[in-house]
Amino acid sequence: MSVSRIPRIGIGGPVGSGKTMLIEQIVPILKDRGYDVGIISNDVVSKEDAERMRKNLATEKGLMSEDLVIGVATGGCPHTAVREDPSINISIVEEMEIKHPNLDLIIIESGGDNITTTFSPALADYFIYIIDVSSGDKYPRKRGLGIETCDLLVINKIDIASYIGADLGIMERDAKIIRGDKPFVFVNSKTGQGIKEATNYIIKDILFNATPKSKITT
Amino acid sequence: MNIEKDNTFVSVDDISFLQLSDSFFPTGLYTTSNGLESLFYNKDKKKLTYTDIFDFIKAYLSQQVGPTDCSVIGNVYSCIQKGDYSTLLELDSVYYFMRLIEETRSASIRSGIQLLRCISSFADNNEYVNFYLKSIKDGQAKGVYPVSFALSCNAMDIQKERSGLMLLYGFAVSVVGAALRLGILQHYDGQRIIHEMKPIILSNVTKNINRSYSNIWQFIPQLDIIQMHHEQMDSKMFIT
């Protein structure tokens, strides 16, 4: 059986930066526009994130079937699981492609708190790196492969910037210097602020504004 | 890329031997602990020792990886020698059904298929690798790891006995790696275990590499049960 490759997004970032919540905000917007999504969540210790997304997005909101959220144990090496040896993730993605060929997009989340987190191009076609302001406004300036090379940099939790003395202007200035023409967005995943803009990048840059498979009539 | 064979002191096969033995080779095996994580979180809160890890690996090598995985490797080489495609598929099926834990079965298949694909991306066109990949695609085979491993080694001109050695050595290293990441061992102890395991690895390869198909066996019930417990754990770092 020949199965065509479904576009894949890798979302990486430090523990607590808001990867899971970003996915929980993006998926309903994508679904509203007709795009069907599968999710693979690599976690360091538990499958808690996968179980949370399954409950919130599948069981409660009915935006996808429950088997479209899969948690992966990474042997304590989430970076290896998405970069040096993505074998297991690739296997799971391919199984998902065979079982659900009508998906428009597969999102692969990777836990881990290293600014060198990147995704193997064999695994992900588009890479989102997410940080949050609580680590200080110096974060973009400190560079790192994730911040520099990702296709879209997301800076989360902008609502708490003033409480922890983080200057969003400095973060914006440094992100522009470090990333050049590559995009970045400020978001508040709790309220949804900035999420539409992030989703628009996904639709434009990885889905190429394609008609959702569910809306294609043959 | 074609590499000229140079038999002056070592051959390309020797480098292939190192390449496939390297834990850097992408197979995803670092994601498994073979139930060690379950032992680590034992309900009695007993701290695992150097001796526990040594005995754990030794038990697996003597009671399961040796008489099953290593024997499967030897039998795959026999199939290649005889051109016996039918028994090759039987070995795939028998090994699959001998894996009692679901997570272990699926991990074996995932690693096996990824290994084959990686090898077929650069090794010379090998009819047995191609046959097995096609059989997997057609649903005639599962793609279990030891069969994939033996076919990959054969495609790289690695001898049967060395293939068995590589698999058993790789298993020992993967458990030591899991023990290090769980904080049970420190790195010098890990290397000492691997060093002290060498005669056990050798002995199990010698005992099992020529074992006939009908005499493949395993008996490791306590560790099977431990793996079953691990499979059900809510919070864990490793695939079982």
# chains A, B, ... in the order shown; residues from 1 in each chain; ligands from 1

call {"tool": "residues_around", "arguments": {"residues": "B:Gly74", "least_positions_apart": "2", "cutoff": "8 Å", "atoms": "only C-alpha atoms", "output": "JSON, numbers by chain"}}
result
{"B": [70, 71, 72, 76, 77, 78, 150, 160, 161, 164, 208, 209, 210, 211]}

call {"tool": "interface_residues", "arguments": {"of": "chain B", "to": "chain A", "cutoff": "12 Å", "atoms": "only C-alpha atoms", "output": "count of residues only"}}
result
55

call {"tool": "residues_around", "arguments": {"residues": "B:Ile193", "least_positions_apart": "3", "cutoff": "12 Å", "atoms": "only C-alpha atoms", "output": "ChimeraX atom specification"}}
result
/B:49-58,169,172-177,179-180,185-190,196-201

call {"tool": "write_last_selection", "arguments": {"atoms": "N, CA and C atoms", "output": "PDB file, in the first residue's frame"}}
result
ATOM      1  N   THR B  49      21.615  -2.466  42.909  1.00  0.00           N
ATOM      2  CA  THR B  49      23.069  -2.394  43.015  1.00  0.00           C
ATOM      3  C   THR B  49      23.723  -2.812  41.698  1.00  0.00           C
ATOM      4  N   TYR B  50      25.031  -2.663  41.693  1.00  0.00           N
ATOM      5  CA  TYR B  50      25.855  -3.122  40.570  1.00  0.00           C
ATOM      6  C   TYR B  50      25.551  -4.586  40.270  1.00  0.00           C
ATOM      7  N   THR B  51      25.517  -5.408  41.316  1.00  0.00           N
ATOM      8  CA  THR B  51      25.273  -6.845  41.141  1.00  0.00           C
ATOM      9  C   THR B  51      23.888  -7.105  40.555  1.00  0.00           C
ATOM     10  N   ASP B  52      22.894  -6.317  40.979  1.00  0.00           N
ATOM     11  CA  ASP B  52      21.537  -6.493  40.435  1.00  0.00           C
ATOM     12  C   ASP B  52      21.541  -6.266  38.919  1.00  0.00           C
ATOM     13  N   ILE B  53      22.223  -5.215  38.487  1.00  0.00           N
ATOM     14  CA  ILE B  53      22.248  -4.900  37.044  1.00  0.00           C
ATOM     15  C   ILE B  53      22.997  -5.995  36.293  1.00  0.00           C
ATOM     16  N   PHE B  54      24.100  -6.435  36.869  1.00  0.00           N
ATOM     17  CA  PHE B  54      24.887  -7.500  36.236  1.00  0.00           C
ATOM     18  C   PHE B  54      24.018  -8.758  36.077  1.00  0.00           C
ATOM     19  N   ASP B  55      23.354  -9.141  37.158  1.00  0.00           N
ATOM     20  CA  ASP B  55      22.520 -10.359  37.127  1.00  0.00           C
ATOM     21  C   ASP B  55      21.338 -10.201  36.169  1.00  0.00           C
ATOM     22  N   PHE B  56      20.810  -9.000  36.124  1.00  0.00           N
ATOM     23  CA  PHE B  56      19.679  -8.702  35.231  1.00  0.00           C
ATOM     24  C   PHE B  56      20.100  -8.953  33.775  1.00  0.00           C
ATOM     25  N   ILE B  57      21.231  -8.404  33.392  1.00  0.00           N
ATOM     26  CA  ILE B  57      21.706  -8.576  32.000  1.00  0.00           C
ATOM     27  C   ILE B  57      22.044 -10.040  31.748  1.00  0.00           C
ATOM     28  N   LYS B  58      22.723 -10.649  32.707  1.00  0.00           N
ATOM     29  CA  LYS B  58      23.134 -12.050  32.544  1.00  0.00           C
ATOM     30  C   LYS B  58      21.916 -12.960  32.354  1.00  0.00           C
ATOM     31  N   TYR B 169      25.999  -7.904  22.541  1.00  0.00           N
ATOM     32  CA  TYR B 169      26.746  -6.763  23.078  1.00  0.00           C
ATOM     33  C   TYR B 169      25.833  -5.519  23.112  1.00  0.00           C
ATOM     34  N   ALA B 172      23.445  -5.654  26.016  1.00  0.00           N
ATOM     35  CA  ALA B 172      24.101  -5.332  27.295  1.00  0.00           C
ATOM     36  C   ALA B 172      24.325  -3.826  27.418  1.00  0.00           C
ATOM     37  N   VAL B 173      24.786  -3.203  26.339  1.00  0.00           N
ATOM     38  CA  VAL B 173      25.051  -1.760  26.369  1.00  0.00           C
ATOM     39  C   VAL B 173      23.746  -0.983  26.567  1.00  0.00           C
ATOM     40  N   SER B 174      22.672  -1.449  25.930  1.00  0.00           N
ATOM     41  CA  SER B 174      21.411  -0.704  26.054  1.00  0.00           C
ATOM     42  C   SER B 174      20.880  -0.757  27.486  1.00  0.00           C
ATOM     43  N   VAL B 175      21.056  -1.887  28.166  1.00  0.00           N
ATOM     44  CA  VAL B 175      20.592  -1.966  29.564  1.00  0.00           C
ATOM     45  C   VAL B 175      21.482  -1.092  30.456  1.00  0.00           C
ATOM     46  N   VAL B 176      22.779  -1.131  30.216  1.00  0.00           N
ATOM     47  CA  VAL B 176      23.686  -0.273  30.999  1.00  0.00           C
ATOM     48  C   VAL B 176      23.324   1.201  30.775  1.00  0.00           C
ATOM     49  N   GLY B 177      23.016   1.547  29.518  1.00  0.00           N
ATOM     50  CA  GLY B 177      22.615   2.925  29.202  1.00  0.00           C
ATOM     51  C   GLY B 177      21.362   3.318  29.978  1.00  0.00           C
ATOM     52  N   ALA B 179      20.360   2.011  32.781  1.00  0.00           N
ATOM     53  CA  ALA B 179      20.726   2.087  34.209  1.00  0.00           C
ATOM     54  C   ALA B 179      21.417   3.410  34.525  1.00  0.00           C
ATOM     55  N   LEU B 180      22.244   3.882  33.593  1.00  0.00           N
ATOM     56  CA  LEU B 180      22.911   5.176  33.794  1.00  0.00           C
ATOM     57  C   LEU B 180      21.894   6.303  33.819  1.00  0.00           C
ATOM     58  N   LEU B 185      23.552   3.412  38.095  1.00  0.00           N
ATOM     59  CA  LEU B 185      25.005   3.220  37.974  1.00  0.00           C
ATOM     60  C   LEU B 185      25.664   4.550  37.657  1.00  0.00           C
ATOM     61  N   GLN B 186      26.951   4.640  37.931  1.00  0.00           N
ATOM     62  CA  GLN B 186      27.720   5.754  37.376  1.00  0.00           C
ATOM     63  C   GLN B 186      28.567   5.206  36.219  1.00  0.00           C
ATOM     64  N   HIS B 187      29.142   6.090  35.426  1.00  0.00           N
ATOM     65  CA  HIS B 187      29.670   5.669  34.125  1.00  0.00           C
ATOM     66  C   HIS B 187      30.820   4.663  34.199  1.00  0.00           C
ATOM     67  N   TYR B 188      31.679   4.752  35.239  1.00  0.00           N
ATOM     68  CA  TYR B 188      32.765   3.759  35.333  1.00  0.00           C
ATOM     69  C   TYR B 188      32.197   2.370  35.609  1.00  0.00           C
ATOM     70  N   ASP B 189      31.211   2.317  36.495  1.00  0.00           N
ATOM     71  CA  ASP B 189      30.585   1.019  36.800  1.00  0.00           C
ATOM     72  C   ASP B 189      29.930   0.425  35.570  1.00  0.00           C
ATOM     73  N   GLY B 190      29.327   1.296  34.770  1.00  0.00           N
ATOM     74  CA  GLY B 190      28.674   0.831  33.547  1.00  0.00           C
ATOM     75  C   GLY B 190      29.672   0.130  32.627  1.00  0.00           C
ATOM     76  N   GLU B 196      32.997  -7.008  32.289  1.00  0.00           N
ATOM     77  CA  GLU B 196      32.826  -8.304  32.968  1.00  0.00           C
ATOM     78  C   GLU B 196      31.793  -9.190  32.267  1.00  0.00           C
ATOM     79  N   MET B 197      31.002  -8.584  31.426  1.00  0.00           N
ATOM     80  CA  MET B 197      29.968  -9.337  30.703  1.00  0.00           C
ATOM     81  C   MET B 197      30.559 -10.035  29.477  1.00  0.00           C
ATOM     82  N   LYS B 198      31.752  -9.669  29.070  1.00  0.00           N
ATOM     83  CA  LYS B 198      32.321 -10.185  27.809  1.00  0.00           C
ATOM     84  C   LYS B 198      32.328 -11.715  27.738  1.00  0.00           C
ATOM     85  N   PRO B 199      32.824 -12.432  28.761  1.00  0.00           N
ATOM     86  CA  PRO B 199      32.808 -13.899  28.633  1.00  0.00           C
ATOM     87  C   PRO B 199      31.402 -14.477  28.568  1.00  0.00           C
ATOM     88  N   ILE B 200      30.454 -13.800  29.222  1.00  0.00           N
ATOM     89  CA  ILE B 200      29.062 -14.286  29.195  1.00  0.00           C
ATOM     90  C   ILE B 200      28.465 -14.067  27.793  1.00  0.00           C
ATOM     91  N   ILE B 201      28.793 -12.941  27.208  1.00  0.00           N
ATOM     92  CA  ILE B 201      28.327 -12.664  25.837  1.00  0.00           C
ATOM     93  C   ILE B 201      28.893 -13.716  24.892  1.00  0.00           C
TER      94      ILE B 201
END

call {"tool": "select_by_dssp", "arguments": {"residues": "stretch 151-202 of chain A", "states": "strand (DSSP E)", "output": "PDB file with N, CA and C atoms, in the first residue's frame"}}
result
ATOM      1  N   LEU A 152       9.493  28.936  12.924  1.00  0.00           N
ATOM      2  CA  LEU A 152       8.667  29.937  13.607  1.00  0.00           C
ATOM      3  C   LEU A 152       9.036  29.921  15.094  1.00  0.00           C
ATOM      4  N   LEU A 153       9.418  31.086  15.595  1.00  0.00           N
ATOM      5  CA  LEU A 153       9.704  31.204  17.033  1.00  0.00           C
ATOM      6  C   LEU A 153       8.458  31.762  17.724  1.00  0.00           C
ATOM      7  N   VAL A 154       8.001  31.070  18.759  1.00  0.00           N
ATOM      8  CA  VAL A 154       6.827  31.522  19.512  1.00  0.00           C
ATOM      9  C   VAL A 154       7.304  31.934  20.907  1.00  0.00           C
ATOM     10  N   ILE A 155       6.945  33.142  21.296  1.00  0.00           N
ATOM     11  CA  ILE A 155       7.308  33.628  22.638  1.00  0.00           C
ATOM     12  C   ILE A 155       6.005  33.726  23.444  1.00  0.00           C
ATOM     13  N   ASN A 156       5.903  32.879  24.447  1.00  0.00           N
ATOM     14  CA  ASN A 156       4.632  32.676  25.156  1.00  0.00           C
ATOM     15  C   ASN A 156       4.610  33.395  26.510  1.00  0.00           C
ATOM     16  N   PHE A 184       8.608  35.410  13.997  1.00  0.00           N
ATOM     17  CA  PHE A 184       8.390  35.087  15.405  1.00  0.00           C
ATOM     18  C   PHE A 184       7.082  35.747  15.825  1.00  0.00           C
ATOM     19  N   VAL A 185       6.418  35.145  16.797  1.00  0.00           N
ATOM     20  CA  VAL A 185       5.155  35.729  17.273  1.00  0.00           C
ATOM     21  C   VAL A 185       5.128  35.724  18.799  1.00  0.00           C
ATOM     22  N   PHE A 186       4.529  36.778  19.344  1.00  0.00           N
ATOM     23  CA  PHE A 186       4.264  36.813  20.781  1.00  0.00           C
ATOM     24  C   PHE A 186       2.872  36.243  21.012  1.00  0.00           C
TER      25      PHE A 186
END

call {"tool": "closest_residue", "arguments": {"among": "B:Tyr132, B:Tyr41, B:Tyr85, B:Phe171", "to": "B:Ser120", "atoms": "only C-alpha atoms"}}
result
B:Tyr132

call {"tool": "residues_around", "arguments": {"residues": "A:Cys150", "least_positions_apart": "5", "cutoff": "7 Å", "atoms": "only C-alpha atoms", "output": "list in words"}}
result
Phe127, Ile128 and Tyr129 of chain A

call {"tool": "closest_residue", "arguments": {"among": "B:Ala155, B:Val144, B:Asp22, B:Val94", "to": "B:Asn215", "atoms": "only C-alpha atoms"}}
result
B:Val94

call {"tool": "select_by_dssp", "arguments": {"residues": "stretch 156-214 of chain A", "states": "helix (DSSP H, G or I)", "output": "PDB file with N, CA and C atoms, in the first residue's frame"}}
result
ATOM      1  N   ILE A 158       3.148  36.241  27.451  1.00  0.00           N
ATOM      2  CA  ILE A 158       3.474  37.672  27.438  1.00  0.00           C
ATOM      3  C   ILE A 158       2.703  38.426  28.514  1.00  0.00           C
ATOM      4  N   ASP A 159       1.634  37.821  29.023  1.00  0.00           N
ATOM      5  CA  ASP A 159       0.830  38.495  30.049  1.00  0.00           C
ATOM      6  C   ASP A 159       1.570  38.648  31.369  1.00  0.00           C
ATOM      7  N   ILE A 160       2.581  37.828  31.590  1.00  0.00           N
ATOM      8  CA  ILE A 160       3.275  37.934  32.891  1.00  0.00           C
ATOM      9  C   ILE A 160       4.589  38.723  32.782  1.00  0.00           C
ATOM     10  N   ALA A 161       4.861  39.253  31.598  1.00  0.00           N
ATOM     11  CA  ALA A 161       6.136  39.949  31.387  1.00  0.00           C
ATOM     12  C   ALA A 161       6.357  41.059  32.420  1.00  0.00           C
ATOM     13  N   SER A 162       5.331  41.850  32.618  1.00  0.00           N
ATOM     14  CA  SER A 162       5.518  43.006  33.518  1.00  0.00           C
ATOM     15  C   SER A 162       5.744  42.572  34.966  1.00  0.00           C
ATOM     16  N   TYR A 163       5.215  41.396  35.315  1.00  0.00           N
ATOM     17  CA  TYR A 163       5.364  40.933  36.719  1.00  0.00           C
ATOM     18  C   TYR A 163       6.770  40.415  37.017  1.00  0.00           C
ATOM     19  N   ILE A 164       7.444  39.966  35.983  1.00  0.00           N
ATOM     20  CA  ILE A 164       8.766  39.394  36.242  1.00  0.00           C
ATOM     21  C   ILE A 164       9.889  40.269  35.637  1.00  0.00           C
ATOM     22  N   LEU A 168       9.368  43.125  26.707  1.00  0.00           N
ATOM     23  CA  LEU A 168       9.012  42.507  25.422  1.00  0.00           C
ATOM     24  C   LEU A 168       9.680  43.237  24.257  1.00  0.00           C
ATOM     25  N   GLY A 169       9.940  44.523  24.441  1.00  0.00           N
ATOM     26  CA  GLY A 169      10.627  45.295  23.391  1.00  0.00           C
ATOM     27  C   GLY A 169      12.032  44.747  23.147  1.00  0.00           C
ATOM     28  N   ILE A 170      12.706  44.395  24.248  1.00  0.00           N
ATOM     29  CA  ILE A 170      14.058  43.832  24.119  1.00  0.00           C
ATOM     30  C   ILE A 170      13.984  42.472  23.422  1.00  0.00           C
ATOM     31  N   MET A 171      13.008  41.689  23.795  1.00  0.00           N
ATOM     32  CA  MET A 171      12.869  40.350  23.183  1.00  0.00           C
ATOM     33  C   MET A 171      12.587  40.480  21.689  1.00  0.00           C
ATOM     34  N   GLU A 172      11.746  41.450  21.337  1.00  0.00           N
ATOM     35  CA  GLU A 172      11.416  41.657  19.922  1.00  0.00           C
ATOM     36  C   GLU A 172      12.654  42.114  19.151  1.00  0.00           C
ATOM     37  N   ARG A 173      13.381  43.061  19.736  1.00  0.00           N
ATOM     38  CA  ARG A 173      14.593  43.572  19.070  1.00  0.00           C
ATOM     39  C   ARG A 173      15.597  42.449  18.844  1.00  0.00           C
ATOM     40  N   ASP A 174      15.838  41.651  19.903  1.00  0.00           N
ATOM     41  CA  ASP A 174      16.845  40.586  19.807  1.00  0.00           C
ATOM     42  C   ASP A 174      16.398  39.461  18.867  1.00  0.00           C
ATOM     43  N   ALA A 175      15.097  39.170  18.896  1.00  0.00           N
ATOM     44  CA  ALA A 175      14.599  38.111  18.005  1.00  0.00           C
ATOM     45  C   ALA A 175      14.801  38.513  16.551  1.00  0.00           C
ATOM     46  N   LYS A 176      14.586  39.797  16.259  1.00  0.00           N
ATOM     47  CA  LYS A 176      14.784  40.284  14.882  1.00  0.00           C
ATOM     48  C   LYS A 176      16.245  40.169  14.479  1.00  0.00           C
ATOM     49  N   ILE A 177      17.125  40.505  15.417  1.00  0.00           N
ATOM     50  CA  ILE A 177      18.571  40.440  15.118  1.00  0.00           C
ATOM     51  C   ILE A 177      18.987  38.982  14.886  1.00  0.00           C
ATOM     52  N   ILE A 178      18.556  38.109  15.770  1.00  0.00           N
ATOM     53  CA  ILE A 178      18.992  36.707  15.711  1.00  0.00           C
ATOM     54  C   ILE A 178      18.378  35.983  14.522  1.00  0.00           C
ATOM     55  N   ARG A 179      17.128  36.290  14.223  1.00  0.00           N
ATOM     56  CA  ARG A 179      16.396  35.474  13.232  1.00  0.00           C
ATOM     57  C   ARG A 179      16.310  36.093  11.846  1.00  0.00           C
ATOM     58  N   ILE A 195      -2.471  33.591  18.826  1.00  0.00           N
ATOM     59  CA  ILE A 195      -2.525  32.200  18.338  1.00  0.00           C
ATOM     60  C   ILE A 195      -2.960  32.134  16.872  1.00  0.00           C
ATOM     61  N   LYS A 196      -3.901  33.026  16.492  1.00  0.00           N
ATOM     62  CA  LYS A 196      -4.351  33.013  15.091  1.00  0.00           C
ATOM     63  C   LYS A 196      -3.184  33.322  14.161  1.00  0.00           C
ATOM     64  N   GLU A 197      -2.353  34.268  14.599  1.00  0.00           N
ATOM     65  CA  GLU A 197      -1.204  34.640  13.763  1.00  0.00           C
ATOM     66  C   GLU A 197      -0.268  33.442  13.600  1.00  0.00           C
ATOM     67  N   ALA A 198      -0.018  32.736  14.714  1.00  0.00           N
ATOM     68  CA  ALA A 198       0.850  31.540  14.654  1.00  0.00           C
ATOM     69  C   ALA A 198       0.230  30.484  13.736  1.00  0.00           C
ATOM     70  N   THR A 199      -1.076  30.297  13.854  1.00  0.00           N
ATOM     71  CA  THR A 199      -1.759  29.294  13.020  1.00  0.00           C
ATOM     72  C   THR A 199      -1.698  29.679  11.544  1.00  0.00           C
ATOM     73  N   ASN A 200      -1.811  30.995  11.284  1.00  0.00           N
ATOM     74  CA  ASN A 200      -1.742  31.440   9.888  1.00  0.00           C
ATOM     75  C   ASN A 200      -0.392  31.096   9.254  1.00  0.00           C
ATOM     76  N   TYR A 201       0.670  31.209  10.054  1.00  0.00           N
ATOM     77  CA  TYR A 201       1.990  30.819   9.530  1.00  0.00           C
ATOM     78  C   TYR A 201       1.991  29.335   9.145  1.00  0.00           C
ATOM     79  N   ILE A 202       1.371  28.524   9.988  1.00  0.00           N
ATOM     80  CA  ILE A 202       1.317  27.076   9.709  1.00  0.00           C
ATOM     81  C   ILE A 202       0.563  26.815   8.405  1.00  0.00           C
ATOM     82  N   ILE A 203      -0.582  27.465   8.281  1.00  0.00           N
ATOM     83  CA  ILE A 203      -1.414  27.236   7.080  1.00  0.00           C
ATOM     84  C   ILE A 203      -0.689  27.727   5.825  1.00  0.00           C
ATOM     85  N   LYS A 204      -0.002  28.836   5.954  1.00  0.00           N
ATOM     86  CA  LYS A 204       0.681  29.401   4.777  1.00  0.00           C
ATOM     87  C   LYS A 204       1.979  28.645   4.470  1.00  0.00           C
ATOM     88  N   ASP A 205       2.795  28.404   5.487  1.00  0.00           N
ATOM     89  CA  ASP A 205       4.162  27.934   5.233  1.00  0.00           C
ATOM     90  C   ASP A 205       4.330  26.419   5.189  1.00  0.00           C
ATOM     91  N   LYS A 213      -8.319  18.177   3.120  1.00  0.00           N
ATOM     92  CA  LYS A 213      -8.693  16.936   2.420  1.00  0.00           C
ATOM     93  C   LYS A 213     -10.187  16.634   2.566  1.00  0.00           C
ATOM     94  N   SER A 214     -10.737  17.001   3.747  1.00  0.00           N
ATOM     95  CA  SER A 214     -12.158  16.694   3.986  1.00  0.00           C
ATOM     96  C   SER A 214     -13.069  17.506   3.084  1.00  0.00           C
TER      97      SER A 214
END

call {"tool": "closest_residue", "arguments": {"among": "A:Ile6, A:Met21, A:Ile108, A:Ile98", "to": "A:Ser41", "atoms": "only C-alpha atoms"}}
result
A:Ile108

call {"tool": "atom_distance", "arguments": {"atom1": "atom CA of A:Gln25", "atom2": "atom CA of A:Tyr139"}}
result
23.5 Å
